[in-house]
Amino acid sequence: MPSAISVITLLTDFGARDYFVASMKGVILNINPQARIVDLSHQVAPQQVEEAAYLLKSSYRYFPDGAVHVAVVDPGVGSARRPLLVTTSRYFFLAPDNGLLSYIYQEELSVEVRQIENKQYRLDSEGATFDGRDLFAPAAAWLTRGQAPGSYGRLIRDYVKLPIQEPAWEGKALVGRIVYVDHFGNLISNVTPLHLKEVQGVTKKSISEVTIRAGGAAIEGLKTSYSEGAKDAPHALINSNGHVEIFVKDGSAAEWLKLGRGERIDIS
Amino acid sequence: MPSAISVITLLTDFGARDYFVASMKGVILNINPQARIVDLSHQVAPQQVEEAAYLLKSSYRYFPDGAVHVAVVDPGVGSARRPLLVTTSRYFFLAPDNGLLSYIYQEELSVEVRQIENKQYRLDSEGATFDGRDLFAPAAAWLTRGQAPGSYGRLIRDYVKLPIQEPAWEGKALVGRIVYVDHFGNLISNVTPLHLKEVQGVTKKSISEVTIRAGGAAIEGLKTSYSEGAKDAPHALINSNGHVEIFVKDGSAAEWLKLGRGERIDIS
Amino acid sequence: MPSAISVITLLTDFGARDYFVASMKGVILNINPQARIVDLSHQVAPQQVEEAAYLLKSSYRYFPDGAVHVAVVDPGVGSARRPLLVTTSRYFFLAPDNGLLSYIYQEELSVEVRQIENKQYRLDSEGATFDGRDLFAPAAAWLTRGQAPGSYGRLIRDYVKLPIQEPAWEGKALVGRIVYVDHFGNLISNVTPLHLKEVQGVTKKSISEVTIRAGGAAIEGLKTSYSEGAKDAPHALINSNGHVEIFVKDGSAAEWLKLGRGERIDIS
């Protein structure tokens, strides 16, 4: 039942205002009018590959088998950056070879990475190439029409991986980083319960007794929901993607602590 | 023909930037790839239940019979707030029990309110529960697959209703409130033609002779379209949802009058 | 195969926050639950007909044959502005008669323009008419159900065309205008390679030797992609829609040059 699997998600830094995203959708529907197109996000900060990588990691696995995830965030657009088609046991991914798929390479057991070379899946255009519209959109649409990944190009091994920062020990503290700030101002770190269990003496029961230091504040323990704890003070919990997250009830932790992406948190 | 009725609308304060809405859509399509998902709005001001309630009231009735309206705006997310499934003669509604569906209770003749208890329709997740993704999205998708409302949980009667402010008389003036400010800056009040007819001496003909006082300005009469009246002055009309609305031609009444949600207007 | 052609695009200045767009989608799905609705953009600057016209021109041709393009940006909403149904060899267009379709009239060889008169395709509403929801949405949905254009109303010839500014010669310089600023801050002009070839002595080879003056800066030559050229300086290229565009690598040309829509560029 091919219509059941023709879901295409789009992740870009193109914004919702211009004609870029709509052009991509037009190209897709022109090739496969049955495709279901879902906006993953178009509000990635311009050219922030790492932010896009985190957004993709946080949502791709909720989609049905066979979904095609298209991610176009690329400071080097129009340059010699290779376009990739990545196949995993459940999904297809299309993105420039700039590290955007780093979490996919890390989290998926079976990954086939191809360079898209077959010009048959491209759109001709005058002027500068708009890869989202002229290359990634048609390549995605043809996948949902059943084109075999092997027909897109040859397998490669030297694809770009971003250095994914893992939390590291400094003395008795586990040092992590803020990897994403959501629109509520919640600060999402790269620390997960797996890392926390390495903190000296932490057991499943005592996991809520950690101390988190960030932006000059010391947060005692972990809550189990956003509704716990007093207002006007930062708290922490394991969020719905399994990451340690700092929040302020009904407020913005980013504003409260003056912290942003890349900054450190210490857990002890 | 089940595919004809599998429309699901989403109303949240999650914004368009993060991975929250996309995750919900993924979960829905994973359960029912035929579902048609429509964004009602994701730009509700964070945790403003009343604003969300007004948005829902203003648009739900335009959707086809059988549509499932999912509304997740909840300051108490993750707490013991009960999730609801509400069935009316034409629609399903899924929302936390915080008053978000107050207008539905008021406007629909036949309303069945259930607490969602059946864990079969939930998604398991590590970390804090993300109700939109783990509870409301799958519950909505299973409805479009034909699951009976009765299987979700038992009927309840003690659900939360917001106090919906009705216009009230103060001497010879009818006092209403601004309930919504749209992105053009139009000020939408809770006053409808039914209320206006109570103003002393107002008939269908003379309805355009009322005086509206708001933010220090006195607006004489009602226009019949936005194109009437001079620029650089506030005017009023009965808007497309049947409410008295104050506008400034090609401008923002909210800026012009320095008024926002909750503030009063007097009609005499 | 009717489902293959039931694509409807929506272009408005309604924003994504309010209930306007969702109401239009509800009306469409109520008439044709099989319609595929694509947001072209809802972030047109309020009532900027020319900006909407450019967005439509830049994306409409990527959609499949039979697509219905609905564009509602109208400072005169609710007035006596005529609603139009325009049929070309591949598409339908629905818009108010205010010049929004000017590029369509210019670029399409065969254009039939009708005034929508048939009240059968309208929705009744109390209060002021919301043309997007009450008139254009149902008219579009009925087209995807196979209603003949001829049944909508009679052909007219006196429809409104915006004066589309073509580049013009001033001495030895070709003077163009900025027609659109995208959300990256790229400045898109109304100059195309066809115009450039008129510049004295320009051949296909030497096209990259032009000098572009804009906002006090002199830009030498054309790049072939955004990745070329130094940062912190404006460059130009022929963009993916075939227009001369000024950009700053990884930055905003609009901010860099303090230029916006309507301002001039000189090419020599």
# chains A, B, ... in the order shown; residues from 1 in each chain; ligands from 1

$ interface_residues --of "chain B" --to "chain C" --cutoff "10 Å" --atoms "only C-alpha atoms" --output "MDAnalysis selection string"
chainID B and resid 3:7 9:10 13 15:16 36 38:45 51:52 54:65 67 180:184 192:193 223:228 237:244 249:251

$ residues_around --residues "Val49 of chain C" --least-positions-apart "4" --cutoff "7 Å" --atoms "only C-alpha atoms" --output "PyMOL selection string"
chain C and resi 53+73-74+100

$ write_last_selection --atoms "C-alpha atoms" --output "PDB file, in the first residue's frame"
ATOM      1  CA  ALA C  53       2.059  39.169  -6.342  1.00  0.00           C
ATOM      2  CA  VAL C  73      -4.390  40.136   0.331  1.00  0.00           C
ATOM      3  CA  ASP C  74      -6.732  43.047   0.096  1.00  0.00           C
ATOM      4  CA  LEU C 100      -2.520  40.667  -7.164  1.00  0.00           C
TER       5      LEU C 100
END

$ atom_distance --atom1 "atom CA of Ile178 of chain A" --atom2 "atom CA of Ile265 of chain A"
7.3 Å
